[in-house]
Structures are given as structure tokens and as C-alpha cells.
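Note: the block below is structure02.pdb and it holds PDB, C-alpha atoms, pLDDT in the B column.
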```pdb
MODEL        1
ATOM      1  CA  MET A  67      -3.310  11.219  18.987  1.00 93.00           C
ATOM      2  CA  ARG A  68       0.238  10.402  17.881  1.00 97.00           C
ATOM      3  CA  PHE A  69      -0.892   8.656  14.699  1.00 98.00           C
ATOM      4  CA  GLU A  70      -3.700  10.885  13.475  1.00 97.00           C
ATOM      5  CA  ASN A  71      -4.058  10.840   9.663  1.00 95.00           C
ATOM      6  CA  LYS A  72      -1.518   8.025   9.357  1.00 98.00           C
ATOM      7  CA  THR A  73      -2.120   4.608   7.845  1.00 98.00           C
ATOM      8  CA  ALA A  74      -0.778   1.476   9.522  1.00 98.00           C
ATOM      9  CA  VAL A  75      -0.580  -1.915   7.852  1.00 98.00           C
ATOM     10  CA  ILE A  76      -0.485  -4.784  10.349  1.00 98.00           C
ATOM     11  CA  THR A  77      -0.101  -8.419   9.358  1.00 98.00           C
ATOM     12  CA  GLY A  78      -1.703 -11.115  11.482  1.00 97.00           C
ATOM     13  CA  ALA A  79      -3.940  -8.428  12.929  1.00 98.00           C
ATOM     14  CA  SER A  80      -7.145 -10.348  13.609  1.00 96.00           C
ATOM     15  CA  ARG A  81      -6.029 -11.548  17.046  1.00 95.00           C
ATOM     16  CA  GLY A  82      -3.270 -11.617  19.661  1.00 95.00           C
ATOM     17  CA  ILE A  83      -0.373  -9.194  19.418  1.00 97.00           C
ATOM     18  CA  GLY A  84      -1.491  -8.008  15.981  1.00 98.00           C
ATOM     19  CA  LEU A  85      -4.977  -7.043  17.125  1.00 98.00           C
ATOM     20  CA  ALA A  86      -3.650  -5.433  20.315  1.00 98.00           C
ATOM     21  CA  THR A  87      -1.277  -3.362  18.175  1.00 98.00           C
ATOM     22  CA  ALA A  88      -4.052  -2.387  15.786  1.00 98.00           C
ATOM     23  CA  LYS A  89      -6.212  -1.251  18.716  1.00 98.00           C
ATOM     24  CA  LYS A  90      -3.358   0.728  20.243  1.00 98.00           C
ATOM     25  CA  LEU A  91      -2.532   2.577  17.024  1.00 98.00           C
ATOM     26  CA  ALA A  92      -6.209   3.120  16.177  1.00 98.00           C
ATOM     27  CA  SER A  93      -6.882   4.506  19.648  1.00 98.00           C
ATOM     28  CA  GLU A  94      -4.322   7.190  18.823  1.00 98.00           C
ATOM     29  CA  GLY A  95      -5.803   8.064  15.455  1.00 98.00           C
ATOM     30  CA  ALA A  96      -4.254   5.659  12.922  1.00 98.00           C
ATOM     31  CA  ASN A  97      -6.271   4.232  10.083  1.00 98.00           C
ATOM     32  CA  ILE A  98      -5.680   0.492   9.960  1.00 98.00           C
ATOM     33  CA  ALA A  99      -5.232  -2.077   7.203  1.00 98.00           C
ATOM     34  CA  VAL A 100      -5.828  -5.470   8.813  1.00 98.00           C
ATOM     35  CA  LEU A 101      -4.120  -8.406   7.078  1.00 98.00           C
ATOM     36  CA  TYR A 102      -5.168 -11.878   8.177  1.00 98.00           C
ATOM     37  CA  VAL A 103      -5.531 -15.506   7.108  1.00 96.00           C
ATOM     38  CA  GLY A 104      -7.823 -18.218   8.394  1.00 87.00           C
ATOM     39  CA  ASN A 105     -10.978 -17.350  10.281  1.00 90.00           C
ATOM     40  CA  THR A 106     -13.087 -14.849   8.302  1.00 95.00           C
ATOM     41  CA  GLU A 107     -15.430 -14.221  11.230  1.00 96.00           C
ATOM     42  CA  GLU A 108     -12.417 -13.374  13.396  1.00 96.00           C
ATOM     43  CA  GLY A 109     -11.256 -10.884  10.779  1.00 97.00           C
ATOM     44  CA  GLU A 110     -14.677  -9.260  10.540  1.00 98.00           C
ATOM     45  CA  ASN A 111     -14.909  -8.987  14.332  1.00 98.00           C
ATOM     46  CA  ALA A 112     -11.503  -7.314  14.470  1.00 98.00           C
ATOM     47  CA  LYS A 113     -12.631  -4.829  11.812  1.00 98.00           C
ATOM     48  CA  LYS A 114     -15.750  -3.944  13.822  1.00 98.00           C
ATOM     49  CA  GLU A 115     -13.740  -3.457  17.016  1.00 98.00           C
ATOM     50  CA  LEU A 116     -11.366  -1.102  15.256  1.00 98.00           C
ATOM     51  CA  GLU A 117     -14.079   0.842  13.446  1.00 98.00           C
ATOM     52  CA  ALA A 118     -15.686   1.469  16.838  1.00 98.00           C
ATOM     53  CA  LEU A 119     -12.595   3.565  17.618  1.00 98.00           C
ATOM     54  CA  GLY A 120     -13.603   5.997  14.874  1.00 98.00           C
ATOM     55  CA  VAL A 121     -10.915   5.263  12.273  1.00 98.00           C
ATOM     56  CA  LYS A 122     -10.932   3.933   8.721  1.00 98.00           C
ATOM     57  CA  VAL A 123     -10.340   0.180   8.593  1.00 98.00           C
ATOM     58  CA  GLY A 124      -9.629  -2.095   5.659  1.00 98.00           C
ATOM     59  CA  LEU A 125      -9.760  -5.887   5.931  1.00 98.00           C
ATOM     60  CA  TYR A 126      -7.545  -7.918   3.606  1.00 98.00           C
ATOM     61  CA  TYR A 127      -7.159 -11.671   3.380  1.00 97.00           C
ATOM     62  CA  CYS A 128      -3.490 -12.261   2.629  1.00 97.00           C
ATOM     63  CA  ASP A 129      -1.012 -15.111   2.933  1.00 98.00           C
ATOM     64  CA  VAL A 130       2.131 -13.039   3.400  1.00 98.00           C
ATOM     65  CA  SER A 131       4.328 -15.959   2.334  1.00 98.00           C
ATOM     66  CA  ASP A 132       2.844 -15.610  -1.175  1.00 98.00           C
ATOM     67  CA  PHE A 133       4.963 -13.018  -3.026  1.00 98.00           C
ATOM     68  CA  GLU A 134       2.379 -12.040  -5.641  1.00 98.00           C
ATOM     69  CA  ALA A 135      -0.591 -12.091  -3.248  1.00 98.00           C
ATOM     70  CA  SER A 136       1.166  -9.788  -0.796  1.00 98.00           C
ATOM     71  CA  LYS A 137       2.099  -7.421  -3.628  1.00 98.00           C
ATOM     72  CA  SER A 138      -1.507  -7.282  -4.790  1.00 98.00           C
ATOM     73  CA  VAL A 139      -2.715  -6.486  -1.269  1.00 98.00           C
ATOM     74  CA  VAL A 140      -0.101  -3.749  -0.764  1.00 98.00           C
ATOM     75  CA  ASP A 141      -1.130  -2.174  -4.088  1.00 98.00           C
ATOM     76  CA  SER A 142      -4.785  -2.265  -3.000  1.00 98.00           C
ATOM     77  CA  ILE A 143      -3.990  -0.642   0.354  1.00 98.00           C
ATOM     78  CA  ILE A 144      -1.985   2.153  -1.264  1.00 98.00           C
ATOM     79  CA  ASN A 145      -4.842   2.751  -3.709  1.00 98.00           C
ATOM     80  CA  GLU A 146      -7.504   2.742  -0.991  1.00 98.00           C
ATOM     81  CA  PHE A 147      -5.655   4.671   1.728  1.00 98.00           C
ATOM     82  CA  GLY A 148      -3.389   6.846  -0.409  1.00 97.00           C
ATOM     83  CA  GLY A 149      -0.162   5.503   1.080  1.00 97.00           C
ATOM     84  CA  ILE A 150       1.378   3.653   3.994  1.00 98.00           C
ATOM     85  CA  ASP A 151       3.055   5.328   6.964  1.00 98.00           C
ATOM     86  CA  ILE A 152       3.553   2.331   9.261  1.00 98.00           C
ATOM     87  CA  LEU A 153       4.181  -1.346   8.553  1.00 98.00           C
ATOM     88  CA  VAL A 154       4.060  -3.882  11.378  1.00 99.00           C
ATOM     89  CA  ASN A 155       5.164  -7.371  10.336  1.00 98.00           C
ATOM     90  CA  ASN A 156       3.521  -9.526  12.977  1.00 98.00           C
ATOM     91  CA  ALA A 157       2.188 -12.586  11.109  1.00 97.00           C
ATOM     92  CA  GLY A 158       3.770 -15.781  12.365  1.00 96.00           C
ATOM     93  CA  ILE A 159       3.207 -19.489  12.902  1.00 94.00           C
ATOM     94  CA  ILE A 160       4.817 -22.281  14.901  1.00 92.00           C
ATOM     95  CA  ARG A 161       5.414 -25.939  14.036  1.00 94.00           C
ATOM     96  CA  ASP A 162       7.428 -27.122  17.038  1.00 93.00           C
ATOM     97  CA  GLN A 163       9.400 -30.365  17.033  1.00 94.00           C
ATOM     98  CA  VAL A 164      12.929 -31.442  17.910  1.00 96.00           C
ATOM     99  CA  VAL A 165      15.116 -31.614  14.824  1.00 97.00           C
ATOM    100  CA  LEU A 166      14.960 -35.424  14.768  1.00 98.00           C
ATOM    101  CA  ASN A 167      11.186 -35.325  14.299  1.00 97.00           C
ATOM    102  CA  MET A 168      10.811 -32.091  12.339  1.00 97.00           C
ATOM    103  CA  SER A 169       9.633 -32.552   8.773  1.00 98.00           C
ATOM    104  CA  GLU A 170      10.878 -30.529   5.842  1.00 98.00           C
ATOM    105  CA  ASN A 171       7.347 -29.166   5.411  1.00 98.00           C
ATOM    106  CA  ASP A 172       7.246 -27.953   9.026  1.00 97.00           C
ATOM    107  CA  PHE A 173      10.583 -26.206   8.605  1.00 98.00           C
ATOM    108  CA  ASP A 174       9.648 -24.617   5.284  1.00 98.00           C
ATOM    109  CA  ALA A 175       6.192 -23.478   6.428  1.00 98.00           C
ATOM    110  CA  VAL A 176       7.557 -21.527   9.390  1.00 98.00           C
ATOM    111  CA  ILE A 177      10.390 -19.973   7.372  1.00 98.00           C
ATOM    112  CA  ASN A 178       7.995 -19.028   4.569  1.00 98.00           C
ATOM    113  CA  VAL A 179       5.477 -17.228   6.781  1.00 98.00           C
ATOM    114  CA  ASN A 180       7.704 -15.738   9.470  1.00 98.00           C
ATOM    115  CA  LEU A 181      10.788 -14.821   7.453  1.00 98.00           C
ATOM    116  CA  LYS A 182       9.844 -14.701   3.796  1.00 98.00           C
ATOM    117  CA  GLY A 183       6.541 -13.052   4.710  1.00 98.00           C
ATOM    118  CA  THR A 184       8.445 -10.242   6.419  1.00 98.00           C
ATOM    119  CA  PHE A 185      10.654  -9.858   3.350  1.00 98.00           C
ATOM    120  CA  ASN A 186       7.648  -9.839   1.015  1.00 98.00           C
ATOM    121  CA  MET A 187       5.858  -7.057   2.885  1.00 98.00           C
ATOM    122  CA  ILE A 188       8.978  -4.902   3.142  1.00 98.00           C
ATOM    123  CA  LYS A 189       9.832  -5.551  -0.511  1.00 98.00           C
ATOM    124  CA  HIS A 190       6.424  -4.404  -1.726  1.00 98.00           C
ATOM    125  CA  THR A 191       6.266  -1.285   0.492  1.00 98.00           C
ATOM    126  CA  TYR A 192       9.945  -0.343   0.149  1.00 98.00           C
ATOM    127  CA  GLN A 193       9.647   2.003  -2.816  1.00 97.00           C
ATOM    128  CA  GLN A 194       6.703   3.957  -1.447  1.00 95.00           C
ATOM    129  CA  PHE A 195       8.526   4.460   1.871  1.00 98.00           C
ATOM    130  CA  ARG A 196      11.527   5.770  -0.086  1.00 96.00           C
ATOM    131  CA  LYS A 197       9.383   8.134  -2.146  1.00 95.00           C
ATOM    132  CA  ARG A 198       7.576   9.465   0.928  1.00 94.00           C
ATOM    133  CA  ARG A 199      10.944   9.936   2.664  1.00 95.00           C
ATOM    134  CA  GLY A 200       9.616   8.788   5.980  1.00 96.00           C
ATOM    135  CA  GLY A 201       7.790   6.059   7.816  1.00 98.00           C
ATOM    136  CA  ARG A 202       8.099   3.307  10.361  1.00 98.00           C
ATOM    137  CA  ILE A 203       8.636  -0.422   9.955  1.00 98.00           C
ATOM    138  CA  VAL A 204       8.442  -2.655  13.022  1.00 99.00           C
ATOM    139  CA  ASN A 205       9.090  -6.383  12.764  1.00 99.00           C
ATOM    140  CA  VAL A 206       7.963  -8.849  15.416  1.00 98.00           C
ATOM    141  CA  SER A 207      10.829 -11.203  16.227  1.00 98.00           C
ATOM    142  CA  SER A 208      11.125 -13.263  19.436  1.00 97.00           C
ATOM    143  CA  VAL A 209      13.519 -13.826  22.310  1.00 96.00           C
ATOM    144  CA  VAL A 210      14.188 -17.274  20.833  1.00 95.00           C
ATOM    145  CA  GLY A 211      15.606 -15.488  17.810  1.00 98.00           C
ATOM    146  CA  LEU A 212      18.254 -14.208  20.229  1.00 97.00           C
ATOM    147  CA  THR A 213      18.712 -17.253  22.437  1.00 96.00           C
ATOM    148  CA  GLY A 214      17.466 -20.276  20.493  1.00 95.00           C
ATOM    149  CA  ASN A 215      15.156 -22.857  22.038  1.00 92.00           C
ATOM    150  CA  ALA A 216      15.022 -26.648  22.006  1.00 92.00           C
ATOM    151  CA  GLY A 217      12.227 -27.895  19.775  1.00 93.00           C
ATOM    152  CA  GLN A 218      12.025 -24.626  17.857  1.00 94.00           C
ATOM    153  CA  VAL A 219      14.804 -24.767  15.289  1.00 97.00           C
ATOM    154  CA  ASN A 220      12.497 -23.504  12.538  1.00 98.00           C
ATOM    155  CA  TYR A 221      10.891 -20.774  14.647  1.00 96.00           C
ATOM    156  CA  SER A 222      14.185 -19.623  16.174  1.00 97.00           C
ATOM    157  CA  ALA A 223      15.841 -19.503  12.753  1.00 98.00           C
ATOM    158  CA  SER A 224      12.944 -17.514  11.287  1.00 98.00           C
ATOM    159  CA  LYS A 225      12.966 -14.992  14.118  1.00 98.00           C
ATOM    160  CA  ALA A 226      16.757 -14.629  14.039  1.00 98.00           C
ATOM    161  CA  GLY A 227      16.381 -13.982  10.324  1.00 98.00           C
ATOM    162  CA  VAL A 228      13.815 -11.285  11.041  1.00 98.00           C
ATOM    163  CA  ILE A 229      16.445  -9.512  13.148  1.00 98.00           C
ATOM    164  CA  GLY A 230      18.874  -9.733  10.228  1.00 98.00           C
ATOM    165  CA  ILE A 231      16.269  -8.260   7.881  1.00 98.00           C
ATOM    166  CA  THR A 232      15.575  -5.499  10.414  1.00 98.00           C
ATOM    167  CA  LYS A 233      19.181  -4.391  10.762  1.00 98.00           C
ATOM    168  CA  SER A 234      19.977  -4.614   7.055  1.00 98.00           C
ATOM    169  CA  THR A 235      16.856  -2.756   5.946  1.00 98.00           C
ATOM    170  CA  ALA A 236      17.424  -0.129   8.643  1.00 98.00           C
ATOM    171  CA  LYS A 237      20.817   0.624   7.099  1.00 98.00           C
ATOM    172  CA  GLU A 238      19.309   0.842   3.621  1.00 98.00           C
ATOM    173  CA  LEU A 239      16.438   3.170   4.531  1.00 98.00           C
ATOM    174  CA  ALA A 240      17.916   5.353   7.276  1.00 98.00           C
ATOM    175  CA  ALA A 241      18.987   8.124   4.903  1.00 98.00           C
ATOM    176  CA  LYS A 242      15.411   8.284   3.564  1.00 97.00           C
ATOM    177  CA  GLY A 243      13.988   9.032   7.008  1.00 97.00           C
ATOM    178  CA  VAL A 244      12.512   5.552   7.465  1.00 98.00           C
ATOM    179  CA  THR A 245      13.225   3.710  10.711  1.00 98.00           C
ATOM    180  CA  VAL A 246      13.210  -0.078  10.907  1.00 98.00           C
ATOM    181  CA  ASN A 247      13.156  -1.762  14.306  1.00 99.00           C
ATOM    182  CA  ALA A 248      12.090  -5.024  15.905  1.00 99.00           C
ATOM    183  CA  VAL A 249      10.478  -6.188  19.100  1.00 98.00           C
ATOM    184  CA  ALA A 250      11.366  -9.546  20.629  1.00 98.00           C
ATOM    185  CA  PRO A 251       8.484 -10.805  22.777  1.00 97.00           C
ATOM    186  CA  GLY A 252       9.008 -13.487  25.379  1.00 96.00           C
ATOM    187  CA  PHE A 253       6.222 -15.604  26.877  1.00 93.00           C
ATOM    188  CA  ILE A 254       3.091 -13.643  25.923  1.00 95.00           C
ATOM    189  CA  MET A 255      -0.374 -14.857  26.884  1.00 91.00           C
ATOM    190  CA  THR A 256      -2.138 -15.222  23.538  1.00 87.00           C
ATOM    191  CA  ASP A 257      -4.447 -17.803  21.937  1.00 79.00           C
ATOM    192  CA  MET A 258      -1.304 -19.701  20.978  1.00 70.00           C
ATOM    193  CA  THR A 259      -0.035 -20.012  24.560  1.00 76.00           C
ATOM    194  CA  ASN A 260      -3.479 -20.423  26.123  1.00 76.00           C
ATOM    195  CA  THR A 261      -3.638 -23.927  24.659  1.00 72.00           C
ATOM    196  CA  LEU A 262      -0.740 -24.971  26.913  1.00 72.00           C
ATOM    197  CA  SER A 263      -1.434 -26.839  30.136  1.00 75.00           C
ATOM    198  CA  ASP A 264      -1.138 -25.044  33.480  1.00 83.00           C
ATOM    199  CA  ARG A 265       1.940 -27.143  34.258  1.00 82.00           C
ATOM    200  CA  VAL A 266       3.711 -26.016  31.092  1.00 75.00           C
ATOM    201  CA  LYS A 267       2.733 -22.396  31.731  1.00 80.00           C
ATOM    202  CA  GLU A 268       4.190 -22.640  35.239  1.00 87.00           C
ATOM    203  CA  GLN A 269       7.408 -24.044  33.813  1.00 82.00           C
ATOM    204  CA  PHE A 270       7.715 -21.059  31.513  1.00 83.00           C
ATOM    205  CA  THR A 271       6.867 -18.398  34.097  1.00 91.00           C
ATOM    206  CA  SER A 272       9.176 -19.908  36.718  1.00 93.00           C
ATOM    207  CA  VAL A 273      12.236 -18.906  34.677  1.00 93.00           C
ATOM    208  CA  ILE A 274      10.982 -15.369  33.974  1.00 96.00           C
ATOM    209  CA  PRO A 275      12.464 -12.896  36.470  1.00 96.00           C
ATOM    210  CA  MET A 276       9.121 -11.064  36.705  1.00 96.00           C
ATOM    211  CA  ARG A 277       7.426 -14.442  37.369  1.00 94.00           C
ATOM    212  CA  LYS A 278       4.566 -13.867  34.943  1.00 93.00           C
ATOM    213  CA  GLY A 279       3.733 -13.952  31.282  1.00 93.00           C
ATOM    214  CA  GLY A 280       3.236 -10.780  29.312  1.00 96.00           C
ATOM    215  CA  ARG A 281       0.080  -9.420  27.720  1.00 96.00           C
ATOM    216  CA  PRO A 282      -0.343  -8.650  24.004  1.00 97.00           C
ATOM    217  CA  GLU A 283      -0.808  -5.029  25.084  1.00 98.00           C
ATOM    218  CA  ASP A 284       2.719  -4.989  26.539  1.00 98.00           C
ATOM    219  CA  VAL A 285       4.115  -5.754  23.091  1.00 98.00           C
ATOM    220  CA  ALA A 286       1.687  -3.359  21.412  1.00 98.00           C
ATOM    221  CA  ASN A 287       2.879  -0.515  23.625  1.00 98.00           C
ATOM    222  CA  ALA A 288       6.494  -1.113  22.604  1.00 98.00           C
ATOM    223  CA  ILE A 289       5.517  -1.241  18.942  1.00 98.00           C
ATOM    224  CA  ALA A 290       3.543   1.991  19.255  1.00 98.00           C
ATOM    225  CA  PHE A 291       6.558   3.712  20.778  1.00 98.00           C
ATOM    226  CA  LEU A 292       8.767   2.601  17.878  1.00 98.00           C
ATOM    227  CA  CYS A 293       6.123   3.850  15.418  1.00 98.00           C
ATOM    228  CA  SER A 294       5.930   7.277  17.057  1.00 98.00           C
ATOM    229  CA  GLU A 295       7.939  10.464  16.658  1.00 97.00           C
ATOM    230  CA  ASP A 296       9.349   9.783  20.121  1.00 97.00           C
ATOM    231  CA  ALA A 297      11.459   7.065  18.466  1.00 98.00           C
ATOM    232  CA  SER A 298      12.499   9.087  15.420  1.00 98.00           C
ATOM    233  CA  TYR A 299      16.234   8.649  16.152  1.00 98.00           C
ATOM    234  CA  ILE A 300      16.059   4.913  16.863  1.00 98.00           C
ATOM    235  CA  THR A 301      16.648   2.461  14.024  1.00 98.00           C
ATOM    236  CA  GLY A 302      18.056  -1.038  13.670  1.00 98.00           C
ATOM    237  CA  GLU A 303      17.189  -1.767  17.298  1.00 98.00           C
ATOM    238  CA  VAL A 304      15.692  -4.896  18.877  1.00 98.00           C
ATOM    239  CA  ILE A 305      13.638  -4.292  22.014  1.00 98.00           C
ATOM    240  CA  ARG A 306      12.923  -7.316  24.189  1.00 98.00           C
ATOM    241  CA  VAL A 307       9.470  -7.454  25.772  1.00 98.00           C
ATOM    242  CA  ASP A 308      10.024 -10.487  27.931  1.00 97.00           C
ATOM    243  CA  GLY A 309       9.931  -9.694  31.664  1.00 97.00           C
ATOM    244  CA  GLY A 310      13.700 -10.180  31.783  1.00 97.00           C
ATOM    245  CA  LEU A 311      13.663 -13.703  30.333  1.00 95.00           C
ATOM    246  CA  ALA A 312      16.622 -13.205  27.995  1.00 95.00           C
ATOM    247  CA  MET A 313      18.770 -11.044  30.293  1.00 91.00           C
TER     248      MET A 313
ENDMDL
END
```
Could you rewrite the structure in this file as C-alpha cells?
Amino acid sequence: MRFENKTAVITGASRGIGLATAKKLASEGANIAVLYVGNTEEGENAKKELEALGVKVGLYYCDVSDFEASKSVVDSIINEFGGIDILVNNAGIIRDQVVLNMSENDFDAVINVNLKGTFNMIKHTYQQFRKRRGGRIVNVSSVVGLTGNAGQVNYSASKAGVIGITKSTAKELAAKGVTVNAVAPGFIMTDMTNTLSDRVKEQFTSVIPMRKGGRPEDVANAIAFLCSEDASYITGEVIRVDGGLAM
């Protein structure tokens, strides 16, 4: 029960890596604030799954790219839970196209959710982390933020930016006992990747040294480690969870 009596805020937590992370932290005692957009039924189902683990769960509809909306939600969570011990910035979208065909809207949308959304959530929780003189922030980046990828200029740029935010914020908050780290998933089998054809999936897995895609739980386990006391002297780090893809 590494996270007993702690409160974790997880964005994009109604499915995929976010939900797997919420389940992992809740299974070890954390109360969970689930932030989501889109499918309300999906959000409610996630809440029920987490409550079945015996922890307090709050469900919040929030577009993290909206500065004022994310501030309002953070204020509500602090009021309802009494504070925040863990922040996991997981919310993300893709709008893949080669640069020639990528619209300004597709570029801006990905940057706004993936990068600005991470900034917004850190901005609005920053002061309470400082006052509490402790806590964990984990940002979900991507291996393409390290390597780049054709057809993903917007996504790669957003995830590289997340790494920049991680390292800069880690330097700002280290003296206050707050660690800030990132995970960089590779090809993870989620709803997003399940829409790909078998041929495309085979193309991806053929270049992974472990010859298989990862599970959301693989990423969740890495995040849980970074949120735990076992990682209390690790900050500003980026841990790849990619089966060796970016070696």
C-alpha cells in the first residue's frame, strides 16, 4: 500500500494508459481524481472500476488545454480531497499527417492538449506542491519525443516539449521535495493502436527488439515507481517504456 492516504490526479484517465495507471495507484491505496473528456459513460465506468478497489474517486470532465477550466477543476479537487500528492499528466491526442498535408488546426490541437495541457495542470498545482513541500509529478511523453517520427511532426514536437517541461520544472521544484519525471512509451496496445490494421501492427513490432507491443500496465508500473518513495531521489529523468525501440 505505497500510496495509502494519498491523492492522485490523472488526466486522460478513463481509458488506456491513464486508466491502467489509476488502477495501479488505487490498488495500492491512492484516492483518485479522474480527469477525462469525451465519452461520459466511459468516465462513469472508470469511476466504478476504481471505487471497487475501495478508494475515494472523483470524476471530473476537463479539457486540459483550457487554462481556466483546468484551474477550476484543480481547485475543486483540492477542496474535495484536501490536497494533491501525485499528478500524472497523461492526456494526449494525435492528428497524424506529413507536414505537406498537416493543417494548422491539426498542429495547434495536438500542441494545445499534449503540451499546453501539461503546462496548465502543473501551473495550477504548482503552488500547493510547494506549500506541501513534497509530491510527485509524472508526465507522459513518448519515444517519438526523443527520436521524431515521419507523419508526426505535431505529436513529436508536443512530446519533446513535455520533456523540456519535465526537466525545467524538476529543477524548479527539487529543493521543495517535489520530483518531476517523465515516461516515454513506445508502441503500446491501447484503443488508439487497436484501430490499426494487422499489417501496420506487424510493421511496428518488427522493429522493436522485444518483437511485441507493450501493455498499458507496463507504462502504469513505471509511473507507479516514479510516484513512490522508492524513487524519492530521482528527478528530471525520462524513462523509456518501449521494449528497446529507441535504443
Might you spell out which residues the PyMOL selection byres ((chain A and resi 151) around 7) would select in the displayed file, as number ranges by chain? A: 72-74, 149-150, 152-153, 201-202
Edge lengths and centre, in Å to one decimal, as lines of an AutoDock Vina configuration file: that's what I need for the box along x, y and z that holds all listed atoms of region 256-259 of chain A plus 8 Å on each side.
```
center_x = -2.2
center_y = -17.6
center_z = 22.8
size_x = 20.4
size_y = 20.8
size_z = 19.6
```
Distance CA of Lys189 (chain A)-CA of Val75 (chain A), one decimal place? 13.8 Å
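CA of Val130 (chain A) sits 17.7 Å away from CA of Glu108 (chain A).
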Shell of 6 Å around Ser80 (chain A), only C-alpha atoms, local chain residues under 3 positions omitted, as a ChimeraX atom specification: /A:85,102,109,112
Give me, please, the distance in Å between CA of Ser222 (chain A) and CA of Gly279 (chain A), quoted to one decimal. 19.2 Å
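Checking A:Gln193, A:Asn145, A:Thr256, A:Ser93 one by one against Val244 (chain A), counting all atoms listed in the file, you find the shortest gap at A:Gln193.
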For a quick check of understanding, using only C-alpha atoms, which of A:Ala297, A:Met168, A:Ile289, A:Met276 has the smallest distance to Lys90 (chain A)? A:Ile289
Residue contacts of Val165 (chain A) (12 Å, only C-alpha atoms) excluding same-chain residues fewer than 5 positions away, as a ChimeraX atom specification: /A:170,172-173,215-221
Using only C-alpha atoms: which of A:Arg81, A:Arg68, A:Lys122, A:Lys242 has the shortest distance to Tyr192 (chain A):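 The closest residue to Tyr192 (chain A) is A:Lys242.
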Determine, counting all atoms listed in the file, which protein, DNA and RNA residues have an atom within 12 Å of an atom of Asn155 (chain A); residues of the same chain fewer than 4 positions away are not included. Present the result as a tab-separated table (two decimals) with C-alpha atoms, in the coordinates of the input.
```
chain	number	residue	atom	x	y	z
A	74	ALA	CA	-0.78	1.48	9.52
A	75	VAL	CA	-0.58	-1.92	7.85
A	76	ILE	CA	-0.48	-4.78	10.35
A	77	THR	CA	-0.10	-8.42	9.36
A	78	GLY	CA	-1.70	-11.12	11.48
A	79	ALA	CA	-3.94	-8.43	12.93
A	83	ILE	CA	-0.37	-9.19	19.42
A	84	GLY	CA	-1.49	-8.01	15.98
A	87	THR	CA	-1.28	-3.36	18.18
A	88	ALA	CA	-4.05	-2.39	15.79
A	100	VAL	CA	-5.83	-5.47	8.81
A	101	LEU	CA	-4.12	-8.41	7.08
A	102	TYR	CA	-5.17	-11.88	8.18
A	130	VAL	CA	2.13	-13.04	3.40
A	131	SER	CA	4.33	-15.96	2.33
A	179	VAL	CA	5.48	-17.23	6.78
A	180	ASN	CA	7.70	-15.74	9.47
A	181	LEU	CA	10.79	-14.82	7.45
A	182	LYS	CA	9.84	-14.70	3.80
A	183	GLY	CA	6.54	-13.05	4.71
A	184	THR	CA	8.44	-10.24	6.42
A	185	PHE	CA	10.65	-9.86	3.35
A	186	ASN	CA	7.65	-9.84	1.01
A	187	MET	CA	5.86	-7.06	2.88
A	188	ILE	CA	8.98	-4.90	3.14
A	189	LYS	CA	9.83	-5.55	-0.51
A	191	THR	CA	6.27	-1.28	0.49
A	202	ARG	CA	8.10	3.31	10.36
A	203	ILE	CA	8.64	-0.42	9.96
A	204	VAL	CA	8.44	-2.66	13.02
A	205	ASN	CA	9.09	-6.38	12.76
A	206	VAL	CA	7.96	-8.85	15.42
A	207	SER	CA	10.83	-11.20	16.23
A	225	LYS	CA	12.97	-14.99	14.12
A	228	VAL	CA	13.82	-11.28	11.04
A	229	ILE	CA	16.44	-9.51	13.15
A	231	ILE	CA	16.27	-8.26	7.88
A	232	THR	CA	15.58	-5.50	10.41
A	246	VAL	CA	13.21	-0.08	10.91
A	247	ASN	CA	13.16	-1.76	14.31
A	248	ALA	CA	12.09	-5.02	15.90
A	249	VAL	CA	10.48	-6.19	19.10
A	289	ILE	CA	5.52	-1.24	18.94
```
Determine the residue membership of the PyMOL selection byres ((chain A and resi 127) around 8) for the file above and supply it as a VMD selection string. chain A and resid 101 to 103 125 to 126 128 to 129
For Ala236 (chain A), which residue out of A:Ile300, A:Ala175, A:Ala96, A:Leu262 is the nearest one, using all atoms listed in the file?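 When distances to Ala236 (chain A) are compared using all atoms listed in the file, the smallest one comes from A:Ile300.
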In the coordinate frame of the file, compute which residues have an atom within 10 Å of (-1.3, -1.8, 27.2) when using only C-alpha atoms, and state them as a VMD selection string. chain A and resid 86 to 87 89 to 90 281 to 288
Can I get the selection written as a CSV table (one decimal), keeping the file's coordinate frame, with C-alpha atoms?
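Writing the result to result-v4.csv gives the following:
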```csv
chain,number,residue,atom,x,y,z
A,86,ALA,CA,-3.6,-5.4,20.3
A,87,THR,CA,-1.3,-3.4,18.2
A,89,LYS,CA,-6.2,-1.3,18.7
A,90,LYS,CA,-3.4,0.7,20.2
A,281,ARG,CA,0.1,-9.4,27.7
A,282,PRO,CA,-0.3,-8.6,24.0
A,283,GLU,CA,-0.8,-5.0,25.1
A,284,ASP,CA,2.7,-5.0,26.5
A,285,VAL,CA,4.1,-5.8,23.1
A,286,ALA,CA,1.7,-3.4,21.4
A,287,ASN,CA,2.9,-0.5,23.6
A,288,ALA,CA,6.5,-1.1,22.6
```
Report as a list in words all protein, DNA and RNA residues lying within 10 Å of Met258 (chain A), evaluated on all atoms listed in the file, omitting residues in the same chain fewer than 2 positions from it. Gly82, Ile159, Ile160, Ile254, Met255, Thr256, Asn260, Thr261 and Leu262 of chain A
Counting all atoms listed in the file, which residue out of A:Thr213, A:Gln194, A:Ser298, A:Thr235 sits closest to Val140 (chain A)?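 The answer is A:Gln194, which sits nearest to Val140 (chain A).
Nearest to Lys237 (chain A) of all the residues A:Asp174, A:Glu303, A:Glu295, A:Glu268 is A:Glu303, counting only C-alpha atoms.
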